[in-house]
Amino acid sequence: MIGLQPTMMTDKDTKSIKIFFKAGYDNECLGACYQSQRVLMFAELKAKAGVMPLFEKTPVNISKPPKAFKELGLHLRVPALYLDIRGQDFDAIDIADDIIVELDSRYQGGILKNELDTEAENATRNFFSKFCYWMRGVAKDTCQLETELKLVDAHLGSINELCPEAEWLFLCGDRPALLDCEVLPKLHQVRVAAEGVKGYEIPRSLTHLWRYLHSAYNEPSFVSSCPSDTEILLHWLDTDHPGTLKLSPRQQQLLKESSGKPPKYSFSVPATATKVLLE
């Protein structure tokens with residue numbers, strides 16, 4: 001895929017970085033693609049830490065991709081990455097896992113790494129698949145989803161005990177790790193779509209999980225890469241026909257209701273998610 005073995009790069013080595021992401025229904029805003037948000041959030045963290053240069057972001061409607069996207073030989077998938085690097089030939093990458101590996105190997109640092117990754121991965125492995133089963137009618141109730149959300153909450157509770165004075169709570173400590181870039185976009189879609197489509201709210205008793213979301217909503221790299229509530233709901237409405245170009249009546253009504261209004265983002269949390277200091 002790559003002409004030369006990835007090595008740690010500097011700003012002087014990189015002429016430009018282009019990240020293509022799923023466009024929303026207006027072909028400009030961020031679409032509800034958790035893999036796109038995962039890559040963008042990861043790149044934002046790297047850039048904010050100063051270990052990776054700033055990058056270009058281009059929305060892509062796969063049915064009508066922009067010229068710059070097609071010229072790189074990309075056709076069907078986003079997110080996608082292209083690096084213009086001095087002295088190297090680079091084939092554009094359109095697999096999210098490979099993009100993460102490429103960026104992390106070339107621009108090292110800027111993100112939390114520690115020995116808690118395995119525990120965090122085990123705790124977060126299944127909640128999104130259980131959510132998908134329920135949304136698509138495979139599971140008849142939320143029992144399996146709530147079981148998995150409780151596992152996430154319990155893991156976050158253990159992290160809270162390790163660093164009780166920390167202001168923010170993430171899967172491996174008080175700063176985002178690689179796994180947070182994957183889990184948070186999925187968890188936010190669970191939060192928005194479950195309530196907006198089926199009227200289900202994540203239990204307020206899962207206080208560590210809500211505090212985790214509160215931490216995400218105060219992390220600029222998450223906020224800047226997050227799709228609006230409307231985009232998430234459009235994606236999850238009528239899930240029997242994912243990716244269809246023809247809007248269902250429910251989707252058409254949602255677009256009509258949101259037309260001309262500022263985009264809405266569900267970034268509020270129950271009071272129990274925030275740390276309250278009593279003097």
# chains A, B, ... in the order shown; residues from 1 in each chain; ligands from 1
call {"tool": "closest_atom_pairs", "arguments": {"of": "stretch 12-113 of chain A", "to": "stretch 178-198 of chain A", "cutoff": "9 Å", "atoms": "only C-alpha atoms", "output": "CSV"}}
result
residue,atom,partner,partner_atom,distance
A:Ala32,CA,A:Gln189,CA,8.2
A:Cys33,CA,A:Pro185,CA,8.5
A:Tyr34,CA,A:Pro185,CA,5.3
A:Gln35,CA,A:Glu182,CA,7.5
A:Gln37,CA,A:Pro185,CA,6.4
A:Arg38,CA,A:Cys181,CA,4.9
A:Val39,CA,A:Cys181,CA,7.5
A:Leu40,CA,A:Cys181,CA,8.7
A:Met41,CA,A:Cys181,CA,6.1
A:Phe42,CA,A:Cys181,CA,6.0
A:Ile100,CA,A:Leu178,CA,8.8
A:Ile111,CA,A:Leu178,CA,6.8
A:Leu112,CA,A:Leu178,CA,7.2
A:Lys113,CA,A:Leu178,CA,7.6
call {"tool": "select_by_dssp", "arguments": {"residues": "stretch 24-224 of chain A", "states": "alpha helix (DSSP H)", "output": "PyMOL selection string"}}
result
chain A and resi 34-49+67-71+96-106+117-124+127-135+143-162+178-198+207-217+220-223
call {"tool": "closest_atom_pairs", "arguments": {"of": "stretch 82-171 of chain A", "to": "stretch 210-232 of chain A", "cutoff": "9 Å", "atoms": "only C-alpha atoms", "output": "Markdown table"}}
result
| residue | atom | partner | partner_atom | distance |
| --- | --- | --- | --- | --- |
| A:Asp153 | CA | A:Trp210 | CA | 8.5 |
| A:Leu156 | CA | A:Tyr212 | CA | 7.6 |
| A:Glu167 | CA | A:Ser215 | CA | 8.4 |
| A:Trp168 | CA | A:Ser215 | CA | 5.3 |
| A:Leu169 | CA | A:Tyr212 | CA | 5.4 |
| A:Phe170 | CA | A:Tyr212 | CA | 5.9 |
| A:Leu171 | CA | A:Tyr212 | CA | 8.1 |
call {"tool": "write_last_selection", "arguments": {"atoms": "N, CA, C and O atoms", "output": "PDB file, in the first residue's frame"}}
result
ATOM      1  N   ASP A 153     -19.880   1.253  32.339  1.00  0.00           N
ATOM      2  CA  ASP A 153     -19.967   2.093  33.535  1.00  0.00           C
ATOM      3  C   ASP A 153     -19.071   1.565  34.649  1.00  0.00           C
ATOM      4  O   ASP A 153     -18.381   2.342  35.323  1.00  0.00           O
ATOM      5  N   LEU A 156     -15.449   2.350  33.892  1.00  0.00           N
ATOM      6  CA  LEU A 156     -15.182   3.770  34.135  1.00  0.00           C
ATOM      7  C   LEU A 156     -15.146   4.068  35.631  1.00  0.00           C
ATOM      8  O   LEU A 156     -14.384   4.930  36.074  1.00  0.00           O
ATOM      9  N   GLU A 167     -10.312  15.876  36.711  1.00  0.00           N
ATOM     10  CA  GLU A 167     -11.489  16.624  36.278  1.00  0.00           C
ATOM     11  C   GLU A 167     -12.269  15.856  35.222  1.00  0.00           C
ATOM     12  O   GLU A 167     -13.500  15.877  35.206  1.00  0.00           O
ATOM     13  N   TRP A 168     -11.540  15.155  34.313  1.00  0.00           N
ATOM     14  CA  TRP A 168     -12.182  14.452  33.211  1.00  0.00           C
ATOM     15  C   TRP A 168     -11.988  12.949  33.342  1.00  0.00           C
ATOM     16  O   TRP A 168     -11.005  12.490  33.928  1.00  0.00           O
ATOM     17  N   LEU A 169     -12.905  12.197  32.772  1.00  0.00           N
ATOM     18  CA  LEU A 169     -12.886  10.739  32.893  1.00  0.00           C
ATOM     19  C   LEU A 169     -12.956  10.098  31.511  1.00  0.00           C
ATOM     20  O   LEU A 169     -13.918  10.300  30.772  1.00  0.00           O
ATOM     21  N   PHE A 170     -11.901   9.338  31.181  1.00  0.00           N
ATOM     22  CA  PHE A 170     -11.871   8.606  29.913  1.00  0.00           C
ATOM     23  C   PHE A 170     -11.567   7.139  30.191  1.00  0.00           C
ATOM     24  O   PHE A 170     -11.405   6.740  31.337  1.00  0.00           O
ATOM     25  N   LEU A 171     -11.475   6.335  29.155  1.00  0.00           N
ATOM     26  CA  LEU A 171     -11.403   4.879  29.327  1.00  0.00           C
ATOM     27  C   LEU A 171     -10.117   4.401  29.995  1.00  0.00           C
ATOM     28  O   LEU A 171     -10.101   3.328  30.606  1.00  0.00           O
TER      29      LEU A 171
END
call {"tool": "residues_around", "arguments": {"residues": "A:Ile99", "least_positions_apart": "3", "cutoff": "9 Å", "atoms": "only C-alpha atoms", "output": "list of chain:residue names"}}
result
A:Val39, A:Pro79, A:Ala80, A:Leu81, A:Ile93, A:Asp94, A:Ile95, A:Ala96, A:Glu102, A:Leu103, A:Asp104
call {"tool": "write_last_selection", "arguments": {"atoms": "N, CA and C atoms", "output": "PDB file, in the first residue's frame"}}
result
ATOM      1  N   VAL A  39     -11.752   8.854  13.001  1.00  0.00           N
ATOM      2  CA  VAL A  39     -10.512   9.300  12.354  1.00  0.00           C
ATOM      3  C   VAL A  39     -10.293  10.790  12.575  1.00  0.00           C
ATOM      4  N   PRO A  79     -14.152   6.905   5.930  1.00  0.00           N
ATOM      5  CA  PRO A  79     -13.150   7.944   5.742  1.00  0.00           C
ATOM      6  C   PRO A  79     -11.996   7.476   4.856  1.00  0.00           C
ATOM      7  N   ALA A  80     -11.246   8.451   4.359  1.00  0.00           N
ATOM      8  CA  ALA A  80     -10.078   8.151   3.543  1.00  0.00           C
ATOM      9  C   ALA A  80      -8.985   9.162   3.860  1.00  0.00           C
ATOM     10  N   LEU A  81      -7.753   8.741   3.641  1.00  0.00           N
ATOM     11  CA  LEU A  81      -6.592   9.558   3.980  1.00  0.00           C
ATOM     12  C   LEU A  81      -5.633   9.637   2.814  1.00  0.00           C
ATOM     13  N   ILE A  93      -5.578   5.773   1.497  1.00  0.00           N
ATOM     14  CA  ILE A  93      -6.106   4.689   2.333  1.00  0.00           C
ATOM     15  C   ILE A  93      -7.579   4.964   2.625  1.00  0.00           C
ATOM     16  N   ASP A  94      -8.416   3.934   2.456  1.00  0.00           N
ATOM     17  CA  ASP A  94      -9.842   4.124   2.733  1.00  0.00           C
ATOM     18  C   ASP A  94     -10.400   3.076   3.700  1.00  0.00           C
ATOM     19  N   ILE A  95      -9.552   2.604   4.616  1.00  0.00           N
ATOM     20  CA  ILE A  95      -9.971   1.710   5.698  1.00  0.00           C
ATOM     21  C   ILE A  95      -9.596   2.392   7.012  1.00  0.00           C
ATOM     22  N   ALA A  96     -10.588   2.596   7.873  1.00  0.00           N
ATOM     23  CA  ALA A  96     -10.372   3.399   9.078  1.00  0.00           C
ATOM     24  C   ALA A  96      -9.248   2.848   9.955  1.00  0.00           C
ATOM     25  N   GLU A 102      -1.593   4.228  10.323  1.00  0.00           N
ATOM     26  CA  GLU A 102      -0.678   5.063   9.547  1.00  0.00           C
ATOM     27  C   GLU A 102      -0.355   6.368  10.262  1.00  0.00           C
ATOM     28  N   LEU A 103      -1.377   7.057  10.728  1.00  0.00           N
ATOM     29  CA  LEU A 103      -1.154   8.332  11.406  1.00  0.00           C
ATOM     30  C   LEU A 103      -0.405   8.144  12.719  1.00  0.00           C
ATOM     31  N   ASP A 104      -0.731   7.076  13.452  1.00  0.00           N
ATOM     32  CA  ASP A 104      -0.097   6.863  14.748  1.00  0.00           C
ATOM     33  C   ASP A 104       1.376   6.493  14.601  1.00  0.00           C
TER      34      ASP A 104
END
call {"tool": "residues_around", "arguments": {"residues": "A:Lys22", "least_positions_apart": "2", "cutoff": "7 Å", "atoms": "only C-alpha atoms", "output": "PyMOL selection string"}}
result
chain A and resi 24+30-31+33+36+59-61+78-79
call {"tool": "closest_residue", "arguments": {"among": "A:Asp238, A:Pro263, A:Phe21, A:Ser205", "to": "A:Gln251", "atoms": "only C-alpha atoms"}}
result
A:Asp238
call {"tool": "residues_around", "arguments": {"residues": "stretch 129-138 of chain A", "least_positions_apart": "2", "cutoff": "8 Å", "atoms": "only C-alpha atoms", "output": "PDB file with N, CA and C atoms, in the first residue's frame"}}
result
ATOM      1  N   ASN A 126     -18.883  -4.912  23.223  1.00  0.00           N
ATOM      2  CA  ASN A 126     -20.161  -5.399  22.681  1.00  0.00           C
ATOM      3  C   ASN A 126     -21.334  -4.423  22.749  1.00  0.00           C
ATOM      4  N   PHE A 127     -21.184  -3.275  23.373  1.00  0.00           N
ATOM      5  CA  PHE A 127     -22.378  -2.434  23.572  1.00  0.00           C
ATOM      6  C   PHE A 127     -22.966  -1.947  22.255  1.00  0.00           C
ATOM      7  N   LYS A 140     -35.591  -7.740  21.155  1.00  0.00           N
ATOM      8  CA  LYS A 140     -36.920  -7.183  21.390  1.00  0.00           C
ATOM      9  C   LYS A 140     -36.948  -6.132  22.492  1.00  0.00           C
ATOM     10  N   ASP A 141     -35.904  -6.080  23.331  1.00  0.00           N
ATOM     11  CA  ASP A 141     -35.884  -5.081  24.397  1.00  0.00           C
ATOM     12  C   ASP A 141     -34.450  -4.629  24.616  1.00  0.00           C
ATOM     13  N   THR A 142     -34.244  -3.794  25.629  1.00  0.00           N
ATOM     14  CA  THR A 142     -32.930  -3.190  25.873  1.00  0.00           C
ATOM     15  C   THR A 142     -32.103  -3.943  26.911  1.00  0.00           C
ATOM     16  N   GLN A 144     -30.098  -6.607  26.884  1.00  0.00           N
ATOM     17  CA  GLN A 144     -28.709  -6.902  26.516  1.00  0.00           C
ATOM     18  C   GLN A 144     -27.898  -5.616  26.379  1.00  0.00           C
ATOM     19  N   LEU A 145     -28.508  -4.583  25.806  1.00  0.00           N
ATOM     20  CA  LEU A 145     -27.825  -3.298  25.682  1.00  0.00           C
ATOM     21  C   LEU A 145     -27.477  -2.745  27.054  1.00  0.00           C
ATOM     22  N   GLU A 148     -24.517  -4.414  28.708  1.00  0.00           N
ATOM     23  CA  GLU A 148     -23.227  -3.967  28.176  1.00  0.00           C
ATOM     24  C   GLU A 148     -22.892  -2.553  28.638  1.00  0.00           C
ATOM     25  N   VAL A 190     -25.502   6.050  20.206  1.00  0.00           N
ATOM     26  CA  VAL A 190     -26.437   5.294  21.041  1.00  0.00           C
ATOM     27  C   VAL A 190     -27.306   6.271  21.828  1.00  0.00           C
ATOM     28  N   ALA A 194     -31.098   6.291  20.323  1.00  0.00           N
ATOM     29  CA  ALA A 194     -31.998   5.518  21.193  1.00  0.00           C
ATOM     30  C   ALA A 194     -33.125   6.399  21.715  1.00  0.00           C
ATOM     31  N   TRP A 236     -30.358   6.630  11.503  1.00  0.00           N
ATOM     32  CA  TRP A 236     -30.925   5.475  12.202  1.00  0.00           C
ATOM     33  C   TRP A 236     -32.419   5.281  11.980  1.00  0.00           C
ATOM     34  N   THR A 239     -33.979   1.794   9.642  1.00  0.00           N
ATOM     35  CA  THR A 239     -32.708   1.084   9.514  1.00  0.00           C
ATOM     36  C   THR A 239     -32.812  -0.196   8.699  1.00  0.00           C
ATOM     37  N   ASP A 240     -34.014  -0.563   8.262  1.00  0.00           N
ATOM     38  CA  ASP A 240     -34.120  -1.733   7.384  1.00  0.00           C
ATOM     39  C   ASP A 240     -33.531  -1.459   6.007  1.00  0.00           C
TER      40      ASP A 240
END
call {"tool": "residues_around", "arguments": {"residues": "stretch 114-122 of chain A", "least_positions_apart": "3", "cutoff": "7 Å", "atoms": "only C-alpha atoms", "output": "VMD selection string"}}
result
chain A and resid 125 155 171 to 172
call {"tool": "atom_distance", "arguments": {"atom1": "atom CA of A:Gln88", "atom2": "atom CA of A:Asp13"}}
result
9.7 Å
call {"tool": "atom_distance", "arguments": {"atom1": "atom CA of A:Asn160", "atom2": "atom CA of A:Pro203"}}
result
18.8 Å
call {"tool": "select_by_dssp", "arguments": {"residues": "stretch 48-123 of chain A", "states": "strand (DSSP E or B)", "output": "list in words"}}
result
Glu56, Lys57, Thr58, Pro59, Val60, Ala80, Leu81, Tyr82, Leu83, Asp84, Ile85, Phe90, Ile93 and Leu112 of chain A
call {"tool": "write_last_selection", "arguments": {"atoms": "N, CA and C atoms", "output": "compact mmCIF listing (two decimals), in the first residue's frame"}}
result
# COMPACT_ATOMS: atom_id res chain seq x y z
N GLU A 56 -6.37 19.03 6.00
CA GLU A 56 -7.56 19.44 5.26
C GLU A 56 -8.68 18.43 5.49
N LYS A 57 -9.90 18.94 5.64
CA LYS A 57 -11.07 18.07 5.81
C LYS A 57 -12.02 18.30 4.64
N THR A 58 -12.41 17.20 3.98
CA THR A 58 -13.27 17.31 2.81
C THR A 58 -14.48 16.39 2.95
N PRO A 59 -15.70 16.95 2.93
CA PRO A 59 -16.90 16.10 2.98
C PRO A 59 -17.10 15.39 1.65
N VAL A 60 -17.58 14.15 1.71
CA VAL A 60 -17.75 13.35 0.49
C VAL A 60 -19.13 12.71 0.48
N ALA A 80 -11.25 8.45 4.36
CA ALA A 80 -10.08 8.15 3.54
C ALA A 80 -8.98 9.16 3.86
N LEU A 81 -7.75 8.74 3.64
CA LEU A 81 -6.59 9.56 3.98
C LEU A 81 -5.63 9.64 2.81
N TYR A 82 -5.12 10.84 2.56
CA TYR A 82 -4.02 11.00 1.59
C TYR A 82 -2.96 11.89 2.21
N LEU A 83 -1.72 11.44 2.15
CA LEU A 83 -0.58 12.21 2.63
C LEU A 83 0.31 12.60 1.46
N ASP A 84 0.60 13.87 1.37
CA ASP A 84 1.57 14.36 0.38
C ASP A 84 2.89 14.57 1.12
N ILE A 85 3.80 13.60 0.95
CA ILE A 85 5.03 13.57 1.73
C ILE A 85 6.23 13.66 0.80
N PHE A 90 2.61 7.69 -2.10
CA PHE A 90 1.62 7.29 -1.09
C PHE A 90 0.31 6.96 -1.77
N ILE A 93 -5.58 5.77 1.50
CA ILE A 93 -6.11 4.69 2.33
C ILE A 93 -7.58 4.96 2.63
N LEU A 112 -3.02 9.39 24.97
CA LEU A 112 -2.70 8.59 26.14
C LEU A 112 -2.51 7.12 25.77
call {"tool": "decode", "arguments": {"residues": "stretch 96-107 of chain A", "atoms": "all heavy atoms", "output": "compact mmCIF listing (two decimals), in the first residue's frame"}}
result
# COMPACT_ATOMS: atom_id res chain seq x y z
N ALA A 96 -10.59 2.60 7.87
CA ALA A 96 -10.37 3.40 9.08
C ALA A 96 -9.25 2.85 9.95
O ALA A 96 -8.41 3.61 10.45
CB ALA A 96 -11.68 3.49 9.87
N ASP A 97 -9.22 1.53 10.18
CA ASP A 97 -8.16 0.95 11.01
C ASP A 97 -6.78 1.25 10.45
O ASP A 97 -5.85 1.58 11.19
CB ASP A 97 -8.35 -0.56 11.13
CG ASP A 97 -9.51 -0.95 12.03
OD1 ASP A 97 -10.03 -0.07 12.75
OD2 ASP A 97 -9.92 -2.13 12.01
N ASP A 98 -6.64 1.14 9.13
CA ASP A 98 -5.35 1.41 8.49
C ASP A 98 -4.98 2.88 8.58
O ASP A 98 -3.80 3.23 8.72
CB ASP A 98 -5.38 0.96 7.03
CG ASP A 98 -5.51 -0.54 6.87
OD1 ASP A 98 -5.33 -1.26 7.87
OD2 ASP A 98 -5.79 -1.01 5.75
N ILE A 99 -5.96 3.76 8.50
CA ILE A 99 -5.69 5.19 8.64
C ILE A 99 -5.14 5.49 10.03
O ILE A 99 -4.15 6.22 10.18
CB ILE A 99 -6.98 6.01 8.39
CG1 ILE A 99 -7.41 5.89 6.93
CG2 ILE A 99 -6.75 7.49 8.75
CD1 ILE A 99 -8.77 6.50 6.64
N ILE A 100 -5.77 4.92 11.05
CA ILE A 100 -5.32 5.14 12.43
C ILE A 100 -3.89 4.65 12.61
O ILE A 100 -3.04 5.34 13.19
CB ILE A 100 -6.26 4.44 13.43
CG1 ILE A 100 -7.67 5.05 13.38
CG2 ILE A 100 -5.68 4.48 14.83
CD1 ILE A 100 -7.76 6.46 13.87
N VAL A 101 -3.60 3.45 12.10
CA VAL A 101 -2.26 2.88 12.23
C VAL A 101 -1.24 3.77 11.52
O VAL A 101 -0.15 4.05 12.04
CB VAL A 101 -2.22 1.45 11.66
CG1 VAL A 101 -0.78 0.95 11.54
CG2 VAL A 101 -3.03 0.50 12.54
N GLU A 102 -1.59 4.23 10.32
CA GLU A 102 -0.68 5.06 9.55
C GLU A 102 -0.35 6.37 10.26
O GLU A 102 0.81 6.74 10.41
CB GLU A 102 -1.29 5.35 8.18
CG GLU A 102 -0.39 6.11 7.22
CD GLU A 102 0.83 5.32 6.80
OE1 GLU A 102 0.74 4.07 6.73
OE2 GLU A 102 1.89 5.93 6.55
N LEU A 103 -1.38 7.06 10.73
CA LEU A 103 -1.15 8.33 11.41
C LEU A 103 -0.40 8.14 12.72
O LEU A 103 0.47 8.95 13.07
CB LEU A 103 -2.49 9.04 11.65
CG LEU A 103 -3.24 9.55 10.41
CD1 LEU A 103 -4.58 10.15 10.82
CD2 LEU A 103 -2.40 10.55 9.64
N ASP A 104 -0.73 7.08 13.45
CA ASP A 104 -0.10 6.86 14.75
C ASP A 104 1.38 6.49 14.60
O ASP A 104 2.20 6.82 15.46
CB ASP A 104 -0.85 5.77 15.52
CG ASP A 104 -0.64 5.87 17.02
OD1 ASP A 104 -0.44 7.00 17.52
OD2 ASP A 104 -0.68 4.84 17.71
N SER A 105 1.72 5.79 13.52
CA SER A 105 3.11 5.39 13.32
C SER A 105 3.96 6.55 12.78
O SER A 105 5.14 6.68 13.12
CB SER A 105 3.20 4.19 12.38
OG SER A 105 2.66 4.49 11.12
N ARG A 106 3.36 7.39 11.95
CA ARG A 106 4.11 8.50 11.37
C ARG A 106 4.22 9.69 12.32
O ARG A 106 5.23 10.39 12.34
CB ARG A 106 3.45 8.96 10.07
CG ARG A 106 3.62 7.98 8.92
CD ARG A 106 3.09 8.55 7.62
NE ARG A 106 3.27 7.61 6.52
CZ ARG A 106 4.37 7.53 5.77
NH1 ARG A 106 5.39 8.33 6.02
NH2 ARG A 106 4.46 6.65 4.79
N TYR A 107 3.18 9.94 13.08
CA TYR A 107 3.15 11.11 13.97
C TYR A 107 2.91 10.60 15.39
O TYR A 107 1.77 10.58 15.88
CB TYR A 107 2.05 12.08 13.53
CG TYR A 107 2.15 12.42 12.06
CD1 TYR A 107 1.25 11.86 11.14
CD2 TYR A 107 3.14 13.25 11.57
CE1 TYR A 107 1.34 12.15 9.79
CE2 TYR A 107 3.24 13.54 10.22
CZ TYR A 107 2.33 12.99 9.34
OH TYR A 107 2.42 13.25 7.99
